[in-house]
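target_6.pdb follows (PDB, C-alpha atoms, pLDDT in the B column):
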```pdb
ATOM      1  CA  MET A   4     -16.058 -12.210   0.763  1.00 68.00           C
ATOM      2  CA  ASP A   5     -12.894 -13.028  -1.231  1.00 96.00           C
ATOM      3  CA  ILE A   6     -11.098  -9.682  -1.262  1.00 97.00           C
ATOM      4  CA  PRO A   7      -8.114 -10.699  -3.446  1.00 97.00           C
ATOM      5  CA  ARG A   8     -10.437 -12.175  -6.089  1.00 97.00           C
ATOM      6  CA  GLN A   9     -12.601  -9.025  -6.050  1.00 97.00           C
ATOM      7  CA  VAL A  10      -9.535  -6.810  -6.470  1.00 98.00           C
ATOM      8  CA  VAL A  11      -8.196  -8.869  -9.395  1.00 98.00           C
ATOM      9  CA  SER A  12     -11.627  -8.685 -11.030  1.00 97.00           C
ATOM     10  CA  PHE A  13     -11.838  -4.937 -10.440  1.00 97.00           C
ATOM     11  CA  LEU A  14      -8.343  -4.183 -11.770  1.00 97.00           C
ATOM     12  CA  SER A  15      -8.668  -6.540 -14.740  1.00 97.00           C
ATOM     13  CA  SER A  16     -12.052  -5.153 -15.775  1.00 96.00           C
ATOM     14  CA  ARG A  17     -10.521  -1.660 -15.994  1.00 95.00           C
ATOM     15  CA  GLY A  18      -7.205  -2.672 -17.522  1.00 96.00           C
ATOM     16  CA  LEU A  19      -5.286  -1.461 -14.464  1.00 97.00           C
ATOM     17  CA  MET A  20      -1.942  -2.745 -13.189  1.00 97.00           C
ATOM     18  CA  LEU A  21      -0.997  -2.813  -9.492  1.00 98.00           C
ATOM     19  CA  ALA A  22       2.316  -2.194  -7.751  1.00 98.00           C
ATOM     20  CA  THR A  23       2.827  -2.891  -4.065  1.00 98.00           C
ATOM     21  CA  ALA A  24       5.297  -1.182  -1.729  1.00 98.00           C
ATOM     22  CA  GLU A  25       5.322  -3.134   1.505  1.00 98.00           C
ATOM     23  CA  SER A  26       7.138  -2.872   4.800  1.00 97.00           C
ATOM     24  CA  CYS A  27       5.280  -4.511   7.692  1.00 95.00           C
ATOM     25  CA  THR A  28       3.266  -6.810   5.423  1.00 96.00           C
ATOM     26  CA  ALA A  29       6.525  -7.924   3.740  1.00 95.00           C
ATOM     27  CA  GLY A  30       4.996  -9.051   0.454  1.00 96.00           C
ATOM     28  CA  TYR A  31       1.702 -10.321   1.879  1.00 98.00           C
ATOM     29  CA  ILE A  32      -0.356  -7.920  -0.273  1.00 98.00           C
ATOM     30  CA  ALA A  33       1.315  -9.088  -3.487  1.00 98.00           C
ATOM     31  CA  SER A  34       1.071 -12.706  -2.331  1.00 98.00           C
ATOM     32  CA  LEU A  35      -2.685 -12.444  -1.773  1.00 98.00           C
ATOM     33  CA  ILE A  36      -3.173 -10.975  -5.259  1.00 98.00           C
ATOM     34  CA  SER A  37      -0.925 -13.564  -6.905  1.00 97.00           C
ATOM     35  CA  SER A  38      -2.928 -16.389  -5.288  1.00 97.00           C
ATOM     36  CA  VAL A  39      -5.834 -15.534  -7.610  1.00 97.00           C
ATOM     37  CA  PRO A  40      -5.857 -17.204 -11.038  1.00 96.00           C
ATOM     38  CA  GLY A  41      -5.476 -14.559 -13.744  1.00 94.00           C
ATOM     39  CA  SER A  42      -3.702 -12.098 -11.460  1.00 96.00           C
ATOM     40  CA  GLY A  43      -0.801 -11.861 -13.897  1.00 95.00           C
ATOM     41  CA  SER A  44      -2.915  -9.514 -15.984  1.00 95.00           C
ATOM     42  CA  CYS A  45      -3.022  -6.921 -13.201  1.00 96.00           C
ATOM     43  CA  LEU A  46       0.014  -7.384 -10.905  1.00 97.00           C
ATOM     44  CA  ASP A  47       3.051  -5.505 -12.166  1.00 97.00           C
ATOM     45  CA  VAL A  48       5.645  -5.328  -9.406  1.00 97.00           C
ATOM     46  CA  GLY A  49       6.053  -5.642  -5.650  1.00 97.00           C
ATOM     47  CA  PHE A  50       8.641  -3.982  -3.443  1.00 97.00           C
ATOM     48  CA  VAL A  51       9.442  -5.171   0.078  1.00 97.00           C
ATOM     49  CA  THR A  52      11.353  -2.394   1.807  1.00 96.00           C
ATOM     50  CA  TYR A  53      11.596  -3.209   5.475  1.00 93.00           C
ATOM     51  CA  SER A  54      14.555  -1.000   6.400  1.00 95.00           C
ATOM     52  CA  PRO A  55      14.880   2.786   6.191  1.00 96.00           C
ATOM     53  CA  THR A  56      17.718   2.386   3.674  1.00 96.00           C
ATOM     54  CA  GLY A  57      15.501   0.160   1.521  1.00 95.00           C
ATOM     55  CA  LYS A  58      12.664   2.661   1.630  1.00 97.00           C
ATOM     56  CA  ALA A  59      15.029   5.471   0.654  1.00 97.00           C
ATOM     57  CA  GLY A  60      17.085   3.584  -1.914  1.00 96.00           C
ATOM     58  CA  PHE A  61      14.381   1.688  -3.781  1.00 96.00           C
ATOM     59  CA  LEU A  62      11.332   3.903  -3.361  1.00 97.00           C
ATOM     60  CA  GLY A  63      12.802   7.358  -2.875  1.00 97.00           C
ATOM     61  CA  VAL A  64      11.388   7.921   0.601  1.00 98.00           C
ATOM     62  CA  ARG A  65      13.193  10.970   1.939  1.00 98.00           C
ATOM     63  CA  GLU A  66      15.270  10.571   5.075  1.00 97.00           C
ATOM     64  CA  ASP A  67      13.797  13.852   6.332  1.00 98.00           C
ATOM     65  CA  THR A  68      10.294  12.366   6.074  1.00 98.00           C
ATOM     66  CA  MET A  69      11.306   9.274   8.048  1.00 97.00           C
ATOM     67  CA  LYS A  70      12.996  11.374  10.743  1.00 96.00           C
ATOM     68  CA  GLN A  71      10.207  13.933  11.029  1.00 97.00           C
ATOM     69  CA  PHE A  72       7.205  11.595  10.951  1.00 96.00           C
ATOM     70  CA  GLY A  73       8.670   8.183  11.874  1.00 94.00           C
ATOM     71  CA  LEU A  74       8.660   4.975   9.869  1.00 94.00           C
ATOM     72  CA  THR A  75       5.073   4.221  10.906  1.00 95.00           C
ATOM     73  CA  SER A  76       3.432   7.259   9.360  1.00 97.00           C
ATOM     74  CA  GLU A  77       1.115   8.169   6.544  1.00 98.00           C
ATOM     75  CA  ALA A  78       3.817  10.475   5.170  1.00 98.00           C
ATOM     76  CA  VAL A  79       6.192   7.524   4.704  1.00 98.00           C
ATOM     77  CA  ALA A  80       3.394   5.341   3.289  1.00 98.00           C
ATOM     78  CA  ARG A  81       2.549   8.069   0.763  1.00 98.00           C
ATOM     79  CA  GLU A  82       6.139   8.408  -0.404  1.00 98.00           C
ATOM     80  CA  MET A  83       6.388   4.613  -0.675  1.00 98.00           C
ATOM     81  CA  SER A  84       3.363   4.243  -2.960  1.00 98.00           C
ATOM     82  CA  GLU A  85       4.285   7.278  -5.055  1.00 98.00           C
ATOM     83  CA  GLY A  86       7.874   6.023  -5.246  1.00 98.00           C
ATOM     84  CA  ALA A  87       6.727   2.652  -6.583  1.00 98.00           C
ATOM     85  CA  LEU A  88       4.802   4.321  -9.413  1.00 97.00           C
ATOM     86  CA  ALA A  89       7.776   6.576 -10.175  1.00 95.00           C
ATOM     87  CA  GLN A  90      10.148   3.679 -10.878  1.00 94.00           C
ATOM     88  CA  GLU A  91      11.247   3.690 -14.510  1.00 91.00           C
ATOM     89  CA  ALA A  92      10.331   0.047 -15.150  1.00 93.00           C
ATOM     90  CA  CYS A  93       7.011   0.200 -13.288  1.00 93.00           C
ATOM     91  CA  CYS A  94       4.016  -0.096 -15.616  1.00 95.00           C
ATOM     92  CA  ALA A  95       1.389   0.147 -12.862  1.00 97.00           C
ATOM     93  CA  ASP A  96      -1.435   2.683 -12.695  1.00 95.00           C
ATOM     94  CA  VAL A  97      -2.207   1.893  -9.047  1.00 98.00           C
ATOM     95  CA  ALA A  98       0.090   1.421  -6.064  1.00 98.00           C
ATOM     96  CA  VAL A  99      -0.688   0.419  -2.523  1.00 98.00           C
ATOM     97  CA  SER A 100       1.758   0.692   0.366  1.00 98.00           C
ATOM     98  CA  ASN A 101       1.913  -0.336   3.991  1.00 98.00           C
ATOM     99  CA  THR A 102       4.226   0.481   6.878  1.00 97.00           C
ATOM    100  CA  GLY A 103       3.619  -0.224  10.548  1.00 95.00           C
ATOM    101  CA  VAL A 104       4.273  -2.274  13.648  1.00 94.00           C
ATOM    102  CA  ALA A 105       2.786  -5.719  14.032  1.00 90.00           C
ATOM    103  CA  ASP A 106       3.823  -6.372  17.619  1.00 86.00           C
ATOM    104  CA  ALA A 107       5.785  -4.665  20.399  1.00 76.00           C
ATOM    105  CA  PRO A 108       7.159  -1.390  19.013  1.00 66.00           C
ATOM    106  CA  PRO A 109      10.359   0.347  20.068  1.00 65.00           C
ATOM    107  CA  GLU A 110       9.960   2.371  23.243  1.00 76.00           C
ATOM    108  CA  GLY A 111       7.968   5.502  22.527  1.00 76.00           C
ATOM    109  CA  GLY A 112       6.738   4.137  19.187  1.00 81.00           C
ATOM    110  CA  PRO A 113       3.174   3.690  18.025  1.00 90.00           C
ATOM    111  CA  PRO A 114       0.971   1.060  19.701  1.00 91.00           C
ATOM    112  CA  PRO A 115       1.172  -2.550  18.491  1.00 91.00           C
ATOM    113  CA  GLY A 116      -0.964  -3.178  15.424  1.00 95.00           C
ATOM    114  CA  THR A 117      -0.678   0.383  14.097  1.00 96.00           C
ATOM    115  CA  GLN A 118      -0.592   0.310  10.298  1.00 97.00           C
ATOM    116  CA  CYS A 119      -0.269   3.180   7.835  1.00 98.00           C
ATOM    117  CA  PHE A 120      -1.430   2.804   4.247  1.00 98.00           C
ATOM    118  CA  ALA A 121      -1.371   4.786   1.026  1.00 98.00           C
ATOM    119  CA  TRP A 122      -3.054   4.271  -2.309  1.00 98.00           C
ATOM    120  CA  SER A 123      -1.702   6.127  -5.338  1.00 98.00           C
ATOM    121  CA  PHE A 124      -3.312   6.407  -8.760  1.00 97.00           C
ATOM    122  CA  LYS A 125      -1.537   7.554 -11.903  1.00 95.00           C
ATOM    123  CA  SER A 126      -3.703   9.365 -14.431  1.00 90.00           C
ATOM    124  CA  ARG A 127      -3.187   9.241 -18.199  1.00 86.00           C
ATOM    125  CA  ASP A 128      -1.300  12.533 -18.076  1.00 89.00           C
ATOM    126  CA  GLY A 129       1.129  11.100 -15.497  1.00 87.00           C
ATOM    127  CA  ARG A 130      -0.191  12.944 -12.449  1.00 92.00           C
ATOM    128  CA  ILE A 131      -0.387  10.965  -9.239  1.00 95.00           C
ATOM    129  CA  GLN A 132      -3.169  11.289  -6.681  1.00 96.00           C
ATOM    130  CA  THR A 133      -2.602   9.674  -3.282  1.00 97.00           C
ATOM    131  CA  PHE A 134      -4.853   8.833  -0.350  1.00 98.00           C
ATOM    132  CA  SER A 135      -3.712   7.590   3.053  1.00 98.00           C
ATOM    133  CA  GLU A 136      -5.069   6.154   6.299  1.00 98.00           C
ATOM    134  CA  THR A 137      -3.871   4.866   9.635  1.00 98.00           C
ATOM    135  CA  ARG A 138      -5.604   1.906  11.246  1.00 97.00           C
ATOM    136  CA  ARG A 139      -4.955  -0.321  14.237  1.00 96.00           C
ATOM    137  CA  PHE A 140      -5.458  -4.078  14.162  1.00 97.00           C
ATOM    138  CA  GLU A 141      -5.642  -6.486  17.103  1.00 94.00           C
ATOM    139  CA  GLY A 142      -4.070  -9.906  17.409  1.00 94.00           C
ATOM    140  CA  GLU A 143      -0.778 -11.707  17.118  1.00 94.00           C
ATOM    141  CA  ARG A 144       1.940 -10.493  14.732  1.00 94.00           C
ATOM    142  CA  ASN A 145       0.880 -12.525  11.705  1.00 95.00           C
ATOM    143  CA  ASP A 146      -2.812 -11.831  12.322  1.00 96.00           C
ATOM    144  CA  VAL A 147      -2.054  -8.112  12.166  1.00 96.00           C
ATOM    145  CA  ARG A 148      -0.025  -8.549   8.972  1.00 97.00           C
ATOM    146  CA  ARG A 149      -2.802 -10.548   7.285  1.00 97.00           C
ATOM    147  CA  GLU A 150      -5.548  -8.125   8.313  1.00 97.00           C
ATOM    148  CA  ALA A 151      -3.427  -5.179   7.157  1.00 98.00           C
ATOM    149  CA  ALA A 152      -2.807  -6.805   3.762  1.00 98.00           C
ATOM    150  CA  LEU A 153      -6.496  -7.554   3.273  1.00 98.00           C
ATOM    151  CA  TYR A 154      -7.443  -4.037   4.354  1.00 98.00           C
ATOM    152  CA  ALA A 155      -4.957  -2.501   1.922  1.00 98.00           C
ATOM    153  CA  LEU A 156      -6.541  -4.445  -0.920  1.00 98.00           C
ATOM    154  CA  SER A 157     -10.103  -3.773   0.216  1.00 97.00           C
ATOM    155  CA  ARG A 158      -9.694  -0.001  -0.165  1.00 97.00           C
ATOM    156  CA  ILE A 159      -8.335   0.096  -3.732  1.00 98.00           C
ATOM    157  CA  GLU A 160     -11.750   0.335  -5.411  1.00 96.00           C
ATOM    158  CA  HIS A 161     -13.001   2.829  -2.805  1.00 95.00           C
ATOM    159  CA  TYR A 162     -10.162   5.273  -3.451  1.00 96.00           C
ATOM    160  CA  PHE A 163     -10.180   4.654  -7.204  1.00 95.00           C
ATOM    161  CA  ASN A 164     -13.833   5.755  -7.230  1.00 92.00           C
ATOM    162  CA  GLY A 165     -13.058   8.714  -4.955  1.00 87.00           C
ATOM    163  CA  ARG A 166     -10.204  10.191  -6.952  1.00 81.00           C
ATOM    164  CA  SER A 167     -10.732  13.397  -8.877  1.00 73.00           C
ATOM    165  CA  GLN A 168     -11.088  12.960 -12.634  1.00 62.00           C
ATOM    166  CA  ARG A 169      -8.606  15.022 -14.617  1.00 51.00           C
TER     167      ARG A 169
END
```

Rewritten as structure tokens:
Amino acid sequence: MDIPRQVVSFLSSRGLMLATAESCTAGYIASLISSVPGSGSCLDVGFVTYSPTGKAGFLGVREDTMKQFGLTSEAVAREMSEGALAQEACCADVAVSNTGVADAPPEGGPPPGTQCFAWSFKSRDGRIQTFSETRRFEGERNDVRREAALYALSRIEHYFNGRSQR
């Protein structure tokens, strides 16, 4: 199964544009999409915001959210994907975000391989509906990053179909 190709086909067939807001995957999601011929019709913009200041400054993630829930949290992932869609120059209807730890976390942090995701969808009236999940992947650092990127893409159609119609 070629997940990036399926996602490009899905987005293109519906006239949807995608934005990515990536931390742990560091652009891997956007890279997988852009590897598919014709992806220019559905990939709008990608943000790589590894640091807390990047998440806050470029995507509007609130410092309170990062402090209260931690960087590896669904709350941060949600604010990342919603923040990508809120950017003035962003033309996307769909955003996917990822934040997590690929290998040994700081002491007291989440287990290695923990990844938080969010998928946001902008309706015609400008409202945003967001879904989020936390998953754990096994393997070496780059294996975790690749699996997380593929997983993030694999759930776009699922959540698109599950959103409420307004």

Please write as a ChimeraX atom specification the full residue list that the PyMOL selection byres ((chain A and resi 164) around 12) yields on this file.
-> /A:13,17,122,124,134,158-163,165-168

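You will find CA of Arg139 (chain A) at 19.0 Å from CA of Ala24 (chain A).
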
Work out how far CA of Asp5 (chain A) is from CA of Gly18 (chain A), in Å to one decimal.
->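 A separation of 20.1 Å between them.
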
Give me the residues within 9 Å of region 83-99 of chain A as a PyMOL selection string, counting all atoms listed in the file and dropping any in the same chain fewer than 6 places off.
-> chain A and resi 19-25+32+45-50+52+58-59+61-64+120-127+131-133+155-156+159+163

If you keep C-alpha atoms, can you produce a file of those selected residues as a CSV table (one decimal), in the frame of the given file?
```csv
chain,number,residue,atom,x,y,z
A,19,LEU,CA,-5.3,-1.5,-14.5
A,20,MET,CA,-1.9,-2.7,-13.2
A,21,LEU,CA,-1.0,-2.8,-9.5
A,22,ALA,CA,2.3,-2.2,-7.8
A,23,THR,CA,2.8,-2.9,-4.1
A,24,ALA,CA,5.3,-1.2,-1.7
A,25,GLU,CA,5.3,-3.1,1.5
A,32,ILE,CA,-0.4,-7.9,-0.3
A,45,CYS,CA,-3.0,-6.9,-13.2
A,46,LEU,CA,0.0,-7.4,-10.9
A,47,ASP,CA,3.1,-5.5,-12.2
A,48,VAL,CA,5.6,-5.3,-9.4
A,49,GLY,CA,6.1,-5.6,-5.6
A,50,PHE,CA,8.6,-4.0,-3.4
A,52,THR,CA,11.4,-2.4,1.8
A,58,LYS,CA,12.7,2.7,1.6
A,59,ALA,CA,15.0,5.5,0.7
A,61,PHE,CA,14.4,1.7,-3.8
A,62,LEU,CA,11.3,3.9,-3.4
A,63,GLY,CA,12.8,7.4,-2.9
A,64,VAL,CA,11.4,7.9,0.6
A,120,PHE,CA,-1.4,2.8,4.2
A,121,ALA,CA,-1.4,4.8,1.0
A,122,TRP,CA,-3.1,4.3,-2.3
A,123,SER,CA,-1.7,6.1,-5.3
A,124,PHE,CA,-3.3,6.4,-8.8
A,125,LYS,CA,-1.5,7.6,-11.9
A,126,SER,CA,-3.7,9.4,-14.4
A,127,ARG,CA,-3.2,9.2,-18.2
A,131,ILE,CA,-0.4,11.0,-9.2
A,132,GLN,CA,-3.2,11.3,-6.7
A,133,THR,CA,-2.6,9.7,-3.3
A,155,ALA,CA,-5.0,-2.5,1.9
A,156,LEU,CA,-6.5,-4.4,-0.9
A,159,ILE,CA,-8.3,0.1,-3.7
A,163,PHE,CA,-10.2,4.7,-7.2
```

Proximity to Pro115 (chain A) - best of A:Gln9, A:Ser37, A:Thr75, A:Ser100, only C-alpha atoms |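 Going through A:Gln9, A:Ser37, A:Thr75, A:Ser100 one by one, the smallest distance to Pro115 (chain A) is for A:Thr75.
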
From the structure block, carefully write region 104-148 of chain A out with N, CA and C atoms; format it as a compact mmCIF listing (two decimals), in the first residue's frame.
```
# COMPACT_ATOMS: atom_id res chain seq x y z
N VAL A 104 8.47 12.01 20.83
CA VAL A 104 9.86 11.63 21.11
C VAL A 104 10.17 10.38 20.31
N ALA A 105 11.27 10.43 19.59
CA ALA A 105 11.64 9.30 18.75
C ALA A 105 12.55 8.31 19.47
N ASP A 106 13.32 8.83 20.43
CA ASP A 106 14.24 7.95 21.15
C ASP A 106 14.21 8.33 22.63
N ALA A 107 15.31 8.21 23.32
CA ALA A 107 15.33 8.43 24.77
C ALA A 107 14.82 9.83 25.13
N PRO A 108 13.73 9.89 25.89
CA PRO A 108 13.17 11.18 26.28
C PRO A 108 13.89 11.76 27.49
N PRO A 109 13.65 13.03 27.78
CA PRO A 109 14.17 13.60 29.02
C PRO A 109 13.62 12.81 30.21
N GLU A 110 14.34 12.83 31.30
CA GLU A 110 13.90 12.09 32.49
C GLU A 110 12.48 12.51 32.87
N GLY A 111 11.64 11.52 33.09
CA GLY A 111 10.26 11.79 33.47
C GLY A 111 9.36 12.06 32.28
N GLY A 112 9.89 12.03 31.07
CA GLY A 112 9.09 12.29 29.88
C GLY A 112 8.37 11.03 29.42
N PRO A 113 7.65 11.16 28.33
CA PRO A 113 6.93 10.00 27.80
C PRO A 113 7.89 8.94 27.28
N PRO A 114 7.43 7.69 27.16
CA PRO A 114 8.30 6.61 26.69
C PRO A 114 8.78 6.86 25.26
N PRO A 115 9.94 6.30 24.90
CA PRO A 115 10.44 6.44 23.54
C PRO A 115 9.40 5.95 22.52
N GLY A 116 9.30 6.66 21.42
CA GLY A 116 8.36 6.28 20.37
C GLY A 116 6.98 6.87 20.52
N THR A 117 6.73 7.60 21.61
CA THR A 117 5.42 8.22 21.82
C THR A 117 5.25 9.38 20.83
N GLN A 118 4.14 9.35 20.11
CA GLN A 118 3.86 10.37 19.09
C GLN A 118 2.43 10.85 19.25
N CYS A 119 2.27 12.17 19.22
CA CYS A 119 0.94 12.77 19.29
C CYS A 119 0.64 13.43 17.94
N PHE A 120 -0.58 13.25 17.49
CA PHE A 120 -1.00 13.74 16.18
C PHE A 120 -2.28 14.55 16.31
N ALA A 121 -2.49 15.44 15.33
CA ALA A 121 -3.78 16.11 15.19
C ALA A 121 -4.05 16.31 13.71
N TRP A 122 -5.33 16.26 13.39
CA TRP A 122 -5.80 16.48 12.03
C TRP A 122 -6.90 17.53 12.12
N SER A 123 -6.71 18.65 11.42
CA SER A 123 -7.69 19.73 11.45
C SER A 123 -8.26 19.93 10.05
N PHE A 124 -9.55 20.24 10.02
CA PHE A 124 -10.27 20.43 8.76
C PHE A 124 -11.02 21.76 8.82
N LYS A 125 -10.80 22.58 7.81
CA LYS A 125 -11.47 23.88 7.75
C LYS A 125 -12.67 23.76 6.83
N SER A 126 -13.84 24.13 7.35
CA SER A 126 -15.05 24.07 6.54
C SER A 126 -15.17 25.35 5.70
N ARG A 127 -16.13 25.36 4.81
CA ARG A 127 -16.32 26.53 3.92
C ARG A 127 -16.60 27.80 4.70
N ASP A 128 -17.24 27.65 5.86
CA ASP A 128 -17.55 28.85 6.66
C ASP A 128 -16.40 29.26 7.58
N GLY A 129 -15.26 28.58 7.46
CA GLY A 129 -14.07 28.94 8.22
C GLY A 129 -13.91 28.24 9.55
N ARG A 130 -14.89 27.47 9.96
CA ARG A 130 -14.78 26.73 11.23
C ARG A 130 -13.77 25.60 11.08
N ILE A 131 -13.09 25.32 12.18
CA ILE A 131 -12.08 24.26 12.17
C ILE A 131 -12.51 23.15 13.12
N GLN A 132 -12.45 21.92 12.63
CA GLN A 132 -12.74 20.75 13.45
C GLN A 132 -11.46 19.93 13.53
N THR A 133 -11.08 19.54 14.74
CA THR A 133 -9.80 18.87 14.97
C THR A 133 -10.00 17.55 15.70
N PHE A 134 -9.22 16.58 15.28
CA PHE A 134 -9.18 15.25 15.90
C PHE A 134 -7.74 15.00 16.34
N SER A 135 -7.55 14.21 17.38
CA SER A 135 -6.18 13.93 17.82
C SER A 135 -6.06 12.51 18.36
N GLU A 136 -4.83 12.01 18.33
CA GLU A 136 -4.50 10.67 18.83
C GLU A 136 -3.09 10.65 19.37
N THR A 137 -2.83 9.72 20.24
CA THR A 137 -1.47 9.41 20.69
C THR A 137 -1.21 7.95 20.38
N ARG A 138 -0.04 7.70 19.79
CA ARG A 138 0.36 6.34 19.44
C ARG A 138 1.82 6.15 19.88
N ARG A 139 2.21 4.89 19.99
CA ARG A 139 3.61 4.59 20.30
C ARG A 139 4.15 3.64 19.24
N PHE A 140 5.31 3.98 18.72
CA PHE A 140 5.96 3.19 17.67
C PHE A 140 7.26 2.63 18.20
N GLU A 141 7.62 1.44 17.74
CA GLU A 141 8.84 0.76 18.15
C GLU A 141 9.92 0.97 17.10
N GLY A 142 11.18 0.84 17.52
CA GLY A 142 12.27 0.88 16.57
C GLY A 142 13.26 1.99 16.87
N GLU A 143 14.24 2.09 15.98
CA GLU A 143 15.25 3.13 16.09
C GLU A 143 14.62 4.49 15.76
N ARG A 144 15.33 5.55 16.09
CA ARG A 144 14.86 6.92 15.92
C ARG A 144 14.20 7.18 14.56
N ASN A 145 14.92 6.88 13.48
CA ASN A 145 14.39 7.20 12.16
C ASN A 145 13.28 6.25 11.72
N ASP A 146 13.25 5.05 12.29
CA ASP A 146 12.12 4.14 12.05
C ASP A 146 10.85 4.73 12.66
N VAL A 147 10.97 5.23 13.88
CA VAL A 147 9.84 5.86 14.56
C VAL A 147 9.35 7.06 13.77
N ARG A 148 10.26 7.90 13.32
CA ARG A 148 9.88 9.09 12.55
C ARG A 148 9.15 8.71 11.26
```
